Each structure stands twice: as C-alpha cells, then as structure tokens.
Amino acid sequence: MESFSLILAIVVITALAFDFTNGFHDTANAMATTISTGALKPKVAVAMSAALNLVGAFLSVEVANTISKGLVDEAGIRPEVIFAALVGAILWNLLTWLVGLPSSSSHALMGGLIGATVASAGFGAVHGGVLVTKVMIPAVAAPVVAGVAALAATRLSYTIGAKSDGKAAEKGHRAGQIASAGLVSLAHGTNDAQKTMGIITLALIAGGAIAPGSNPPTWVILSAGLAIALGTYIGGWRIIRTMGTGLTDLQPQQGFAAQTSSAAAILASSHLGFSLSTTHVVSGSVMGAGLGRKGGVVRWSTAGRMAIAWVLTLPAAALVGAGAEAVTGLGDWGTALVAVFLVASSAAIWKISRRQVVDHTNVTAAPAASEEPAGVVTQAIAAVAPPSSAPAPVLEFPAQATEPPAHALNVPAQAVGSPAAALADPIGAAPAAALLAEDLAATIPAPASAPRTDPASSATPASAAVPPSAAV
C-alpha cells in the first residue's frame, strides 16, 4: 500500500508538471496576437491570461470526463501507465517549445496516454470511436473552420471600417482585441486545464482512490487550474514570438478577428466535450486573418513546419509513452529510472534554451522565420509580376565596342576600366568592377576592327591597353 501511495503521488505531481508546461506552451494561443499588435504589454498580457485560465478551469468538466471516462478503458489501467503517458507528453511539449513550434499539448497528452495504454493492455483498451469523433475529426476540422471564420471576419472588419477615422478605428479594435484575448484565455481554461483534471482523475480511479465514473474532485480542479495559470504567467515567449510575428504580420483588425473566431470555436468544443487543440484553432485563425487583409501574406514555410509538428505529435508522444511504460513495467526501479530520465531531459532542454534567450524584452522582435520567403503562394503571385531588371548580358556586346557596357556588370559606368576610379575607391565597387572587366577581356577575344577611342572619357579599352610601339 505504501508503494502504491508513492506511485500515485508521483503521478499527481507529474500531471501537474505537465499542466504547467501546457500553460507556458499555450500562452501564445491567447496572447500572441495581442502582444504583436501592441494592444497589451507582454507581462500584462500573460498575467491577464493566467488569471482567466484559472477562472475557466472551474466552468466545466466535460473535457475532463472525456479523458477520464471515454478515451481508454479504465479497467486494468495502472498508475504507472498514467505516469508513462505524462512523460511522453511533457518531453514533446518541451522539445517543441525549444524550437518555438506551437504544437498541441492536448494531442501530446492523448498520444502519450494511447501509447502507454497499448503497451500495457493492448489496442483493445483504446476506444477507437471516441478517438475518432472527439479527437481526430476536431483536430482536422477546427483549424479550417476557425481559419475561414477569421478570414471572413477580417474582411468584414476592414469593409465596415473603411470610411471610419483610422486612429479611432484602430483604438476600438485594440480594445476589442483585449476583450477577445481574455475570452480565449477563459476558453483555454475550460478546455486545456480540464485535460490534466481528467488524467489525474483517471489515475485516482486506477489506483482505487475514487470510484469509477467519478467527476474530478474539487482539489483536483483547483490544483490543475493553479498549475496551468502559473505556467501561463511564466510565458512561453518562444512560441508567442512564432505565433505573433513569425507566421504573419497582424494589424489590430486582424488580431481582433482571429481572437474572436478562436474563442467561439474553443468554447463550442468545450460545451460539446471535444478535446480540442487550442493551438490548432488559434493557428488556423491567425492564418485566416493574415489572408483576410488585402496584401496580407502567410509565411507558409513556418506554417509547413507547424503542420509537420502537428502530424508528428500523436505518434511521437505515443512512442515515448509506450517506451516509458515498458520500463516502468520492470518494477519500482524502472519507474525511478524513467523519473530520472524525465528530470535529466527536462534540465538539458532548459540549459540548451539559455543559449538564445527569448523573453518579454525581445518577444516582438521578428524571428529568422519572418525573413524567409512567404512561401509558394507568394512566389506564385510574384512570378506573374514584371521583373525588376532584365538579365545582364555577359557574352555578347555591340560590334563597335571593345569593352562590356557598364550595365552588364551592374556597376557605375565610370568604374569600369577606369584606373582613376579604382584608386579613388580602393575598398568599394570599383576594384571589383575593374577585376571583372580584366577577366572578361582576357576570356573574350577582341573584334578585328580598330579600337574606338572616346575623347570624352579617360577609360582605355582593354584591347588598347598596350601602346602599339611596345607591341612590336
């Protein structure tokens, strides 16, 4: 009994640790656009989000019941299985946070739970119908629906505000964006905080601490709400930067539309008991809002990396969860070994993250991803536009000229073949131009016609650089 109590305590602590990582991993979902548009200061934004996450944790238990009662068979699930599932989810959260990718904490948790359950009790212990209807279908449909809604809302916002005073409209949209961001934070508490409640409740049922089919106890709701609120306040600045400035550039109208669409989708899913990924919803909304503004673009290279992370989340967390379950099955020493591995891996990821710190002081600075091409859509648009300049000819020159025209080298005309210009600019473009002209003259034979002299220029053609008397 003492051993059981110890493992149950370890599971509860690990679950709260996951809830903490879920908080700072998903802060971007509520506050990235609000911070990027300047509607709120970074520290104020995360404090507001943390408080509303805590409130949202008390509003519903439908998602918690989906996790604890519906996804896997409660019979035969040991606390060690829950612990192994949490290890897979935590490590995936930390890895994606390290690289700044807004992946789904919800899918990481469910992937770890599925993998550990299959390793322990086989595929029959996973309820496939619940997995498809309440996890997989929402995962695909939610970002699409939220993106289309945000695109339409953005266009409507710009259409309605076209004739209004610019500064007044912008101020109003910033105020609306703050309100909608608060609504997203509240919705996040009603959805993501409950997933930890559900996993702790499942562990308590598996350990015989509460009866099967029970709702989460009050202390579970409170502790899960506090853990996710604390994680939110810490702030996942790396992911906030990716979501706020790395995916697209948002104006207040777009931020308001994206946040409102996200909040509506998340609250609806929480009411229906869908274990929705708030990350997928908000990412879809941000992309839809980015495309909704005329001239706005989405950086599809960043979106592509996010999509790859989304696809890998479930199987990657499942594999880690299954491996952890295989080790914990060896006995108490196996469980201790997995715990040590989790702590060491987490510490190593944290140490690596300190090499390039991202916090509230530089979160709005554009990351490297924002300097990349916008993607195939933008490239396709650019392909039909006239080029800025024609390709420079380098092999063919007019018959009467013995030196390449200046525009062939994209340098000023006075710098080509002009020793005076080269001396006047010893570290500028003239020396490079003179060297290129000499190499070109050495590889392309001069025409047979007599060299042309230009009294108005001091430049001497390459073919006439040697006086006739010296050539004899």
# chains A, B, ... in the order shown; residues from 1 in each chain; ligands from 1
$ residues_around --residues "stretch 43-56 of chain A" --least-positions-apart "3" --cutoff "8 Å" --atoms "only C-alpha atoms" --output "PDB file with N, CA, C and O atoms, in the first residue's frame"
ATOM      1  N   THR A  27       0.409  29.719 -23.894  1.00  0.00           N
ATOM      2  CA  THR A  27       0.153  31.145 -23.658  1.00  0.00           C
ATOM      3  C   THR A  27      -0.012  31.891 -24.974  1.00  0.00           C
ATOM      4  O   THR A  27      -0.820  32.826 -25.084  1.00  0.00           O
ATOM      5  N   ALA A  30      -3.554  32.549 -26.593  1.00  0.00           N
ATOM      6  CA  ALA A  30      -4.422  33.637 -26.150  1.00  0.00           C
ATOM      7  C   ALA A  30      -3.815  35.011 -26.397  1.00  0.00           C
ATOM      8  O   ALA A  30      -4.522  35.954 -26.733  1.00  0.00           O
ATOM      9  N   MET A  31      -2.497  35.147 -26.246  1.00  0.00           N
ATOM     10  CA  MET A  31      -1.916  36.474 -26.161  1.00  0.00           C
ATOM     11  C   MET A  31      -0.912  36.830 -27.250  1.00  0.00           C
ATOM     12  O   MET A  31      -0.408  37.946 -27.258  1.00  0.00           O
ATOM     13  N   THR A  34      -2.279  39.698 -29.417  1.00  0.00           N
ATOM     14  CA  THR A  34      -2.448  40.899 -28.602  1.00  0.00           C
ATOM     15  C   THR A  34      -1.111  41.572 -28.332  1.00  0.00           C
ATOM     16  O   THR A  34      -1.004  42.801 -28.360  1.00  0.00           O
ATOM     17  N   ILE A  35      -0.077  40.767 -28.099  1.00  0.00           N
ATOM     18  CA  ILE A  35       1.253  41.319 -27.857  1.00  0.00           C
ATOM     19  C   ILE A  35       1.862  41.857 -29.146  1.00  0.00           C
ATOM     20  O   ILE A  35       2.463  42.937 -29.170  1.00  0.00           O
ATOM     21  N   LEU A  40      -1.494  45.070 -25.730  1.00  0.00           N
ATOM     22  CA  LEU A  40      -1.114  44.936 -24.329  1.00  0.00           C
ATOM     23  C   LEU A  40       0.392  44.730 -24.219  1.00  0.00           C
ATOM     24  O   LEU A  40       1.015  44.162 -25.120  1.00  0.00           O
ATOM     25  N   LEU A  59     -15.313  26.257 -14.807  1.00  0.00           N
ATOM     26  CA  LEU A  59     -16.580  26.454 -15.513  1.00  0.00           C
ATOM     27  C   LEU A  59     -17.184  25.180 -16.074  1.00  0.00           C
ATOM     28  O   LEU A  59     -18.382  25.146 -16.353  1.00  0.00           O
ATOM     29  N   SER A  60     -16.383  24.142 -16.296  1.00  0.00           N
ATOM     30  CA  SER A  60     -16.918  22.930 -16.922  1.00  0.00           C
ATOM     31  C   SER A  60     -16.001  21.756 -16.614  1.00  0.00           C
ATOM     32  O   SER A  60     -14.814  21.935 -16.310  1.00  0.00           O
ATOM     33  N   ALA A 181      -9.081  38.433 -26.465  1.00  0.00           N
ATOM     34  CA  ALA A 181      -7.963  37.656 -25.929  1.00  0.00           C
ATOM     35  C   ALA A 181      -8.310  37.112 -24.545  1.00  0.00           C
ATOM     36  O   ALA A 181      -7.960  35.970 -24.203  1.00  0.00           O
ATOM     37  N   GLY A 182      -8.987  37.931 -23.750  1.00  0.00           N
ATOM     38  CA  GLY A 182      -9.440  37.444 -22.451  1.00  0.00           C
ATOM     39  C   GLY A 182     -10.418  36.292 -22.591  1.00  0.00           C
ATOM     40  O   GLY A 182     -10.383  35.326 -21.823  1.00  0.00           O
ATOM     41  N   SER A 185      -8.460  33.167 -23.339  1.00  0.00           N
ATOM     42  CA  SER A 185      -7.847  32.647 -22.119  1.00  0.00           C
ATOM     43  C   SER A 185      -8.862  31.907 -21.260  1.00  0.00           C
ATOM     44  O   SER A 185      -8.573  30.835 -20.709  1.00  0.00           O
ATOM     45  N   LEU A 186     -10.043  32.480 -21.150  1.00  0.00           N
ATOM     46  CA  LEU A 186     -11.107  31.819 -20.392  1.00  0.00           C
ATOM     47  C   LEU A 186     -11.458  30.480 -21.032  1.00  0.00           C
ATOM     48  O   LEU A 186     -11.607  29.461 -20.346  1.00  0.00           O
ATOM     49  N   ALA A 187     -11.576  30.483 -22.365  1.00  0.00           N
ATOM     50  CA  ALA A 187     -11.904  29.254 -23.081  1.00  0.00           C
ATOM     51  C   ALA A 187     -10.785  28.221 -22.937  1.00  0.00           C
ATOM     52  O   ALA A 187     -11.050  27.015 -22.835  1.00  0.00           O
ATOM     53  N   HIS A 188      -9.545  28.687 -22.924  1.00  0.00           N
ATOM     54  CA  HIS A 188      -8.418  27.773 -22.756  1.00  0.00           C
ATOM     55  C   HIS A 188      -8.484  27.074 -21.405  1.00  0.00           C
ATOM     56  O   HIS A 188      -8.180  25.878 -21.297  1.00  0.00           O
ATOM     57  N   GLY A 189      -8.890  27.800 -20.376  1.00  0.00           N
ATOM     58  CA  GLY A 189      -9.043  27.185 -19.065  1.00  0.00           C
ATOM     59  C   GLY A 189     -10.148  26.149 -19.039  1.00  0.00           C
ATOM     60  O   GLY A 189     -10.032  25.112 -18.365  1.00  0.00           O
ATOM     61  N   THR A 190     -11.230  26.395 -19.792  1.00  0.00           N
ATOM     62  CA  THR A 190     -12.321  25.428 -19.813  1.00  0.00           C
ATOM     63  C   THR A 190     -11.964  24.178 -20.607  1.00  0.00           C
ATOM     64  O   THR A 190     -12.641  23.153 -20.486  1.00  0.00           O
ATOM     65  N   ALA A 193      -7.096  23.047 -19.199  1.00  0.00           N
ATOM     66  CA  ALA A 193      -6.904  22.731 -17.783  1.00  0.00           C
ATOM     67  C   ALA A 193      -7.640  21.454 -17.413  1.00  0.00           C
ATOM     68  O   ALA A 193      -7.194  20.678 -16.551  1.00  0.00           O
ATOM     69  N   GLY A 225      -6.039  24.040 -12.098  1.00  0.00           N
ATOM     70  CA  GLY A 225      -6.200  25.434 -12.504  1.00  0.00           C
ATOM     71  C   GLY A 225      -5.017  26.293 -12.094  1.00  0.00           C
ATOM     72  O   GLY A 225      -4.545  27.143 -12.859  1.00  0.00           O
ATOM     73  N   LEU A 226      -4.501  26.087 -10.880  1.00  0.00           N
ATOM     74  CA  LEU A 226      -3.349  26.857 -10.420  1.00  0.00           C
ATOM     75  C   LEU A 226      -2.091  26.526 -11.221  1.00  0.00           C
ATOM     76  O   LEU A 226      -1.296  27.416 -11.542  1.00  0.00           O
ATOM     77  N   ILE A 228      -1.805  25.428 -14.394  1.00  0.00           N
ATOM     78  CA  ILE A 228      -1.831  25.976 -15.749  1.00  0.00           C
ATOM     79  C   ILE A 228      -1.752  27.499 -15.706  1.00  0.00           C
ATOM     80  O   ILE A 228      -1.175  28.128 -16.610  1.00  0.00           O
ATOM     81  N   ALA A 229      -2.314  28.118 -14.661  1.00  0.00           N
ATOM     82  CA  ALA A 229      -2.220  29.568 -14.529  1.00  0.00           C
ATOM     83  C   ALA A 229      -0.782  30.003 -14.282  1.00  0.00           C
ATOM     84  O   ALA A 229      -0.307  30.992 -14.866  1.00  0.00           O
ATOM     85  N   LEU A 230      -0.057  29.262 -13.435  1.00  0.00           N
ATOM     86  CA  LEU A 230       1.336  29.597 -13.175  1.00  0.00           C
ATOM     87  C   LEU A 230       2.187  29.438 -14.441  1.00  0.00           C
ATOM     88  O   LEU A 230       3.031  30.293 -14.747  1.00  0.00           O
ATOM     89  N   GLY A 231       1.960  28.362 -15.167  1.00  0.00           N
ATOM     90  CA  GLY A 231       2.687  28.173 -16.419  1.00  0.00           C
ATOM     91  C   GLY A 231       2.385  29.265 -17.425  1.00  0.00           C
ATOM     92  O   GLY A 231       3.281  29.730 -18.144  1.00  0.00           O
ATOM     93  N   THR A 232       1.142  29.692 -17.470  1.00  0.00           N
ATOM     94  CA  THR A 232       0.767  30.772 -18.382  1.00  0.00           C
ATOM     95  C   THR A 232       1.472  32.065 -18.009  1.00  0.00           C
ATOM     96  O   THR A 232       1.924  32.815 -18.886  1.00  0.00           O
ATOM     97  N   TYR A 233       1.567  32.349 -16.711  1.00  0.00           N
ATOM     98  CA  TYR A 233       2.218  33.578 -16.290  1.00  0.00           C
ATOM     99  C   TYR A 233       3.713  33.562 -16.599  1.00  0.00           C
ATOM    100  O   TYR A 233       4.290  34.608 -16.909  1.00  0.00           O
ATOM    101  N   ILE A 234       4.347  32.393 -16.506  1.00  0.00           N
ATOM    102  CA  ILE A 234       5.768  32.293 -16.866  1.00  0.00           C
ATOM    103  C   ILE A 234       5.972  32.725 -18.311  1.00  0.00           C
ATOM    104  O   ILE A 234       6.935  33.412 -18.645  1.00  0.00           O
ATOM    105  N   GLY A 235       5.039  32.359 -19.168  1.00  0.00           N
ATOM    106  CA  GLY A 235       5.076  32.834 -20.550  1.00  0.00           C
ATOM    107  C   GLY A 235       5.958  31.996 -21.458  1.00  0.00           C
ATOM    108  O   GLY A 235       7.155  31.914 -21.247  1.00  0.00           O
ATOM    109  N   HIS A 360      10.171  38.569 -22.419  1.00  0.00           N
ATOM    110  CA  HIS A 360       9.260  39.675 -22.697  1.00  0.00           C
ATOM    111  C   HIS A 360       9.975  40.889 -23.283  1.00  0.00           C
ATOM    112  O   HIS A 360       9.326  41.759 -23.874  1.00  0.00           O
TER     113      HIS A 360
END
$ closest_atom_pairs --of "stretch 33-90 of chain A" --to "stretch 317-332 of chain A" --cutoff "8 Å" --atoms "only C-alpha atoms" --output "Markdown table"
| residue | atom | partner | partner_atom | distance |
| --- | --- | --- | --- | --- |
| A:Glu80 | CA | A:Thr328 | CA | 6.5 |
| A:Val81 | CA | A:Glu325 | CA | 5.9 |
| A:Ala84 | CA | A:Ala324 | CA | 5.0 |
| A:Ala85 | CA | A:Gly321 | CA | 4.6 |
| A:Leu86 | CA | A:Gly321 | CA | 7.3 |
| A:Val87 | CA | A:Gly321 | CA | 6.4 |
| A:Gly88 | CA | A:Gly321 | CA | 4.6 |
| A:Ala89 | CA | A:Ala317 | CA | 5.7 |
$ write_last_selection --atoms "all heavy atoms" --output "mmCIF file, in the first residue's frame"
data_model
loop_
_atom_site.group_PDB
_atom_site.id
_atom_site.type_symbol
_atom_site.label_atom_id
_atom_site.label_comp_id
_atom_site.auth_asym_id
_atom_site.auth_seq_id
_atom_site.Cartn_x
_atom_site.Cartn_y
_atom_site.Cartn_z
ATOM 1 N N GLU A 80 1.128 3.485 -13.105
ATOM 2 C CA GLU A 80 2.363 3.567 -13.880
ATOM 3 C C GLU A 80 2.093 3.893 -15.347
ATOM 4 O O GLU A 80 2.905 4.554 -16.009
ATOM 5 C CB GLU A 80 3.144 2.248 -13.772
ATOM 6 C CG GLU A 80 3.747 1.987 -12.407
ATOM 7 C CD GLU A 80 2.781 1.329 -11.448
ATOM 8 O OE1 GLU A 80 1.578 1.211 -11.796
ATOM 9 O OE2 GLU A 80 3.212 0.925 -10.349
ATOM 10 N N VAL A 81 0.957 3.435 -15.851
ATOM 11 C CA VAL A 81 0.588 3.736 -17.237
ATOM 12 C C VAL A 81 0.347 5.235 -17.406
ATOM 13 O O VAL A 81 0.785 5.850 -18.385
ATOM 14 C CB VAL A 81 -0.664 2.930 -17.646
ATOM 15 C CG1 VAL A 81 -1.128 3.316 -19.042
ATOM 16 C CG2 VAL A 81 -0.383 1.433 -17.570
ATOM 17 N N ALA A 84 3.703 7.022 -17.373
ATOM 18 C CA ALA A 84 4.410 6.888 -18.650
ATOM 19 C C ALA A 84 3.798 7.801 -19.713
ATOM 20 O O ALA A 84 4.518 8.409 -20.518
ATOM 21 C CB ALA A 84 4.363 5.430 -19.117
ATOM 22 N N ALA A 85 2.482 7.914 -19.723
ATOM 23 C CA ALA A 85 1.820 8.797 -20.684
ATOM 24 C C ALA A 85 2.240 10.250 -20.477
ATOM 25 O O ALA A 85 2.488 10.992 -21.442
ATOM 26 C CB ALA A 85 0.305 8.663 -20.545
ATOM 27 N N LEU A 86 2.338 10.660 -19.227
ATOM 28 C CA LEU A 86 2.724 12.040 -18.926
ATOM 29 C C LEU A 86 4.168 12.320 -19.321
ATOM 30 O O LEU A 86 4.494 13.440 -19.747
ATOM 31 C CB LEU A 86 2.525 12.311 -17.432
ATOM 32 C CG LEU A 86 1.059 12.362 -16.973
ATOM 33 C CD1 LEU A 86 0.978 12.311 -15.450
ATOM 34 C CD2 LEU A 86 0.379 13.614 -17.507
ATOM 35 N N VAL A 87 5.035 11.325 -19.197
ATOM 36 C CA VAL A 87 6.429 11.509 -19.604
ATOM 37 C C VAL A 87 6.500 11.834 -21.094
ATOM 38 O O VAL A 87 7.202 12.762 -21.512
ATOM 39 C CB VAL A 87 7.253 10.249 -19.278
ATOM 40 C CG1 VAL A 87 8.639 10.326 -19.918
ATOM 41 C CG2 VAL A 87 7.389 10.082 -17.775
ATOM 42 N N GLY A 88 5.773 11.073 -21.918
ATOM 43 C CA GLY A 88 5.760 11.347 -23.353
ATOM 44 C C GLY A 88 5.228 12.730 -23.673
ATOM 45 O O GLY A 88 5.765 13.438 -24.530
ATOM 46 N N ALA A 89 4.167 13.150 -22.989
ATOM 47 C CA ALA A 89 3.562 14.454 -23.266
ATOM 48 C C ALA A 89 4.478 15.597 -22.846
ATOM 49 O O ALA A 89 4.629 16.593 -23.573
ATOM 50 C CB ALA A 89 2.222 14.554 -22.532
#
$ atom_distance --atom1 "atom CA of A:Val132" --atom2 "atom CA of A:Trp300"
27.8 Å
$ closest_atom_pairs --of "stretch 277-350 of chain A" --to "stretch 139-157 of chain A" --cutoff "9 Å" --atoms "only C-alpha atoms" --output "tab-separated table"
residue	atom	partner	partner_atom	distance
A:Ser277	CA	A:Ala139	CA	6.5
A:Thr278	CA	A:Ala142	CA	8.9
A:Thr279	CA	A:Pro143	CA	8.7
A:His280	CA	A:Pro143	CA	5.3
A:Val281	CA	A:Pro143	CA	4.5
A:Val282	CA	A:Pro143	CA	7.3
A:Ser283	CA	A:Pro143	CA	6.9
A:Gly284	CA	A:Pro143	CA	4.3
A:Ser285	CA	A:Gly147	CA	4.2
A:Val286	CA	A:Gly147	CA	7.1
A:Met287	CA	A:Gly147	CA	6.4
A:Gly288	CA	A:Gly147	CA	4.2
A:Ala289	CA	A:Leu151	CA	4.8
A:Gly290	CA	A:Leu151	CA	7.5
A:Leu291	CA	A:Leu151	CA	6.4
A:Gly292	CA	A:Leu151	CA	4.5
A:Arg293	CA	A:Arg155	CA	6.4
A:Lys294	CA	A:Arg155	CA	8.4
$ atom_distance --atom1 "atom CA of A:Ser180" --atom2 "atom CA of A:Ala263"
7.1 Å
